[in-house]
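Asker: Can you read through this structure? Questions will come right after.
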Amino acid sequence: MGELRLMKGNEAIAEAAIRAGCDGYFGYPITPQSEVLEYLMAEKPYETTGMVVLQAESEVAAINMLYGGAGTGKMVMTSSSSPGISLMQEGISYMAGTQLPALLVNIVRGGPGLGTIQPSQADYFQSVKGGGHGDYHIIVYAPASVQEMADFVKLGFDAAFKYRTPVMILSDGAIGQMMEKVYLDDPIPRRGDEEVITQCPWASTGRPMTREHNILTSLDLDPAGQERLNLRLQEKYREIEEKEVKFEMLDCEDAEYLLVAFGLSARICQKAMQLARDKGIKVGLFRPITLFPFPKKEIRKIGEKVKGMLVVEMNAGQMIEDVQLSVGCNIPIEHYGRFGGIIPTPDEVVRVLEEKIIGG
Amino acid sequence: MTEEIIIAGFGGQGVLSMGKILAYSGVIQNQEVSWMPSYGPEMRGGTANVTVIVSDERISSPILNKYDTAIILNQQSLDKFENAVKPGGLLIYDPNGITRHPERKDINIYSIAAADEAGRMGLSKVFNMMVLGGFLKLKPIVKMENIHKGLEKSLPARHHKLIPDNEKAVTIGQDLIQPVHVL
């Protein structure tokens, strides 16, 4: 039946993790996502479901704890904010190379460097183009509401285990800090040892006499072997691109112009869309929900029907590159962004739409 | 019905909790709500504000630059948000500490001397609820019985003994609010 609550986005992630049967959380506090760890510490799931909650000594320690936990087939997660996620990149690359499932949460703040604690979307490139070294991707979900913060935890764990890959929830300080209604699923019990062994035959769960050792590593000094691994990874990413794309379209049926935005920007664009439609401008909204895999085909298709697109991001123009690569036809595609923790207003979006796309 | 509200004042005045009680009350009567606080340095002294939206429909942007109602508790917030009230909208302010009063002629302006009254009655802690009471008299977007339930939900159990004082403050606030400029 589930349960209705009024929660902050960060709290919803923590509660959804407990309910998803998560085995372990490892993290280090940083604004604006500290409520994830604080909520878990207050709820004490280690006394109820047995879920481990541990404040590591640093982000580097936390991601390596995740690597260890994931290697045993356990359902493990971490959360941090931009500077902390940068520190974790080496570990994320290792996990991608070793093909380990884990859930990462990035509640983005303004950068670069230590930046600000206000919301931003400037970590798009880092999240969808690899982030660490080597040829890899992780699946990236971009929630636009507190409900989706909760929903994408279970979705993320499922995808992580299905494809043996790290999965990221890419959100921002505003969605992390704001409260909305959220329907929480009923709790799922944590998997027992037998279930883990059956579900994860690749994991280091103790060697029975019936098979050789499972070796989990990203290291292969033989280039031919390393190329085979890379080919396997690429095959996996193509399958993910084929099967896991998620997006939302609002008022696109009669749209002459299109706003393209993810996460918080998409919420702002919804309001902008209402304001523009009040003025008689036929505008729709395309919201990628998975940033990798990017909804290439879908946006290409709608690109054939509209006169122009405005990509709105809280960064200097990152997702717009994927939009431009996807849309084949020759229509104007412009960007509007605010940076460093400043959030664009719905009025600004309408004004830029009128100036750059409709008037342009 | 969609009501877009900004509540702004000093950190510690109960700005965020006023918004929270309103949001909980909206949830209880099955409406869509969003509660978007300012967070960070301003919470630790200085100004604090929260955007609360209560609606019968799916809420689009939780962050706004124009509001149906502004509830203002200090001068800095008045300076910042007076012009953010939609034409025909509502501005409620507590004149305590205000040196430059609101000047707009295209909105409804009410004052509520809640800080003074709460101080006089020894109810300083629930000053924010007097202001909420004043607002609800003008715009009864949530029912009083749901404010009671909202208080139960948003206050930790150890503070439930304060609920009667909070409710008393809401009632006082309804009598305390005064028109300044009405369209």
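Ordering of the structure tokens sets the chain letters (A, B, ...), residue numbers begin anew at 1 in every chain, and ligands are numbered from 1 in the order given.
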For chain B against chain A, which residues fall within 12 Å using only C-alpha atoms, given as a ChimeraX atom specification?

Answerer: /B:16,19-28,30-42,50-55,58-66,84,150,153-154

Asker: Write out as JSON, numbers by chain the set of residues from region 1-168 of chain B that DSSP, computed on the backbone, places in strand (DSSP E or B).

Answerer: {"B": [2, 3, 4, 5, 6, 7, 8, 9, 10, 32, 33, 34, 35, 36, 37, 47, 48, 49, 50, 51, 52, 53, 54, 55, 67, 68, 69, 70, 71, 72, 85, 86, 87, 88, 89, 90, 91, 92, 93, 108, 109, 110, 111]}

Asker: Of the candidates A:Ser79, A:Gly84, A:Arg191, A:His335, which shows the shortest atom-to-atom distance to Glu38 (chain A), using only C-alpha atoms?

Answerer: A:Ser79

Asker: Report, in Å to a single decimal, how far apart CA of Gly46 (chain B) and CA of His160 (chain B) are.

Answerer: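 We find that CA of His160 (chain B) and CA of Gly46 (chain B) lie 28.2 Å from each other.
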
Asker: Can you check which residues of chain B DSSP gives as alpha helix (DSSP H) on the backbone and send them as a VMD selection string?

Answerer: chain B and resid 15 to 28 75 to 81 114 to 121 127 to 138 144 to 154 163 to 176

Asker: Just want the 7 Å neighbourhood of Asn108 (chain B), counted on only C-alpha atoms, with same-chain residues fewer than 4 positions away dropped. Output as a compact mmCIF listing (two decimals) with C-alpha atoms, in the first residue's frame.

Answerer:
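Here's the written file out.txt:
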```txt
# COMPACT_ATOMS: atom_id res chain seq x y z
CA GLY B 88 -3.61 42.39 -7.02
CA GLY B 89 -1.73 40.10 -4.63
CA LEU B 90 -1.36 40.27 -0.87
CA LEU B 91 1.44 41.58 1.34
CA HIS B 181 -4.12 49.53 1.80
CA VAL B 182 -6.93 47.53 0.24
CA LEU B 183 -7.82 47.56 -3.44
```

Asker: Do a neighbour search on region 214-225 of chain A at 8 Å with only C-alpha atoms, toss out local chain neighbours closer than 6 positions, and write the hits as a PDB file with C-alpha atoms, in the first residue's frame.

Answerer:
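Contents of the output file around-v2.pdb:
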```pdb
ATOM      1  CA  GLY A  71      32.284  -6.867  -4.691  1.00  0.00           C
ATOM      2  CA  TYR A  94      37.459   1.169 -10.848  1.00  0.00           C
ATOM      3  CA  MET A  95      33.908   0.017 -10.165  1.00  0.00           C
ATOM      4  CA  GLY A  97      35.985  -1.383 -14.918  1.00  0.00           C
ATOM      5  CA  THR A  98      35.333  -4.183 -12.432  1.00  0.00           C
ATOM      6  CA  TRP A 202      30.250 -13.226 -10.132  1.00  0.00           C
ATOM      7  CA  ALA A 203      30.603 -11.876  -6.582  1.00  0.00           C
ATOM      8  CA  SER A 204      33.229 -12.831  -4.002  1.00  0.00           C
ATOM      9  CA  ARG A 207      34.334 -20.230  -3.130  1.00  0.00           C
TER      10      ARG A 207
END
```

Asker: Quick one: of B:Gly14, B:Ile7, B:Gly119, B:Gln29, who's nearest to Lys149 (chain B), counting only C-alpha atoms?

Answerer: B:Gln29

Asker: Mind giving me the straight-line distance from CA of Glu248 (chain A) to CA of Val36 (chain A) in Å, one decimal?

Answerer: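 These two atoms are separated by 26.8 Å.
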
Asker: For a quick check of understanding, using only C-alpha atoms, which of B:Gly9, B:Met144, B:Leu73, B:Pro179 has the smallest distance to Asn166 (chain B)?

Answerer: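 The closest residue to Asn166 (chain B) is B:Met144.
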
Asker: One number please: CA of Lys44 (chain A) to CA of Val76 (chain A), in Å, one decimal.

Answerer: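 Taking CA of Lys44 (chain A) and CA of Val76 (chain A), their separation equals 16.1 Å.
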
Asker: Hey, what's within 6 Å of Leu259 (chain A) if we count only C-alpha atoms and toss same-chain stuff fewer than 4 positions away? As a PyMOL selection string, please?

Answerer: chain A and resi 285+309-311

Asker: May I have the selected residues written with N, CA, C and O atoms, as a compact mmCIF listing (two decimals), in the first residue's frame?

Answerer:
```
# COMPACT_ATOMS: atom_id res chain seq x y z
N LEU A 285 7.56 20.94 -23.46
CA LEU A 285 8.75 20.66 -22.65
C LEU A 285 9.19 19.22 -22.87
O LEU A 285 8.38 18.30 -22.77
N MET A 309 14.52 25.17 -30.46
CA MET A 309 14.60 24.64 -29.10
C MET A 309 15.43 25.57 -28.22
O MET A 309 16.44 26.11 -28.67
N LEU A 310 15.00 25.69 -26.96
CA LEU A 310 15.80 26.39 -25.96
C LEU A 310 16.16 25.38 -24.87
O LEU A 310 15.27 24.80 -24.25
N VAL A 311 17.45 25.15 -24.70
CA VAL A 311 17.92 24.23 -23.67
C VAL A 311 18.26 25.05 -22.43
O VAL A 311 19.08 25.96 -22.49
```

Asker: Determine, counting only C-alpha atoms, which protein, DNA and RNA residues have an atom within 6 Å of an atom of Val312 (chain A); residues of the same chain fewer than 4 positions away are not included. Present the result as a PyMOL selection string.

Answerer: chain A and resi 261+335-337

Asker: Would you mind listing what lies within 9 Å of Leu176 (chain B) as a ChimeraX atom specification, with only C-alpha atoms counted and same-chain residues fewer than 2 positions away left out?

Answerer: /B:111-114,117,130-131,133-134,171-174,178

Asker: Okay, now the selection with N, CA and C atoms, as a tab-separated table (two decimals), in the first residue's frame?

Answerer:
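Written output follows (part-v1.tsv):
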```
chain	number	residue	atom	x	y	z
B	111	SER	N	-1.17	44.87	7.89
B	111	SER	CA	-0.10	44.77	8.90
B	111	SER	C	-0.61	43.93	10.07
B	112	ILE	N	0.32	43.28	10.74
B	112	ILE	CA	-0.03	42.49	11.91
B	112	ILE	C	1.07	42.68	12.95
B	113	ALA	N	0.70	43.32	14.07
B	113	ALA	CA	1.69	43.63	15.11
B	113	ALA	C	1.87	42.43	16.02
B	114	ALA	N	2.30	41.34	15.43
B	114	ALA	CA	2.36	40.07	16.17
B	114	ALA	C	3.54	40.03	17.13
B	117	GLU	N	2.55	41.99	20.27
B	117	GLU	CA	1.48	41.31	21.00
B	117	GLU	C	2.00	40.03	21.66
B	130	MET	N	0.83	33.53	15.15
B	130	MET	CA	-0.09	34.68	15.09
B	130	MET	C	-0.13	35.20	13.65
B	131	VAL	N	1.05	35.30	13.06
B	131	VAL	CA	1.13	35.80	11.69
B	131	VAL	C	0.38	34.84	10.74
B	133	GLY	N	-2.05	32.94	11.53
B	133	GLY	CA	-3.48	33.14	11.79
B	133	GLY	C	-4.03	34.32	11.00
B	134	GLY	N	-3.26	35.41	10.99
B	134	GLY	CA	-3.66	36.59	10.23
B	134	GLY	C	-3.80	36.28	8.75
B	171	THR	N	-5.56	32.05	16.65
B	171	THR	CA	-6.83	32.77	16.89
B	171	THR	C	-6.57	34.25	17.14
B	172	ILE	N	-5.55	34.54	17.97
B	172	ILE	CA	-5.21	35.94	18.27
B	172	ILE	C	-4.84	36.67	16.98
B	173	GLY	N	-4.04	35.98	16.16
B	173	GLY	CA	-3.57	36.59	14.91
B	173	GLY	C	-4.72	36.98	14.00
B	174	GLN	N	-5.81	36.21	14.05
B	174	GLN	CA	-6.95	36.51	13.18
B	174	GLN	C	-7.61	37.83	13.57
B	178	GLN	N	-4.65	43.96	10.44
B	178	GLN	CA	-5.29	45.24	10.11
B	178	GLN	C	-5.02	45.62	8.67
```
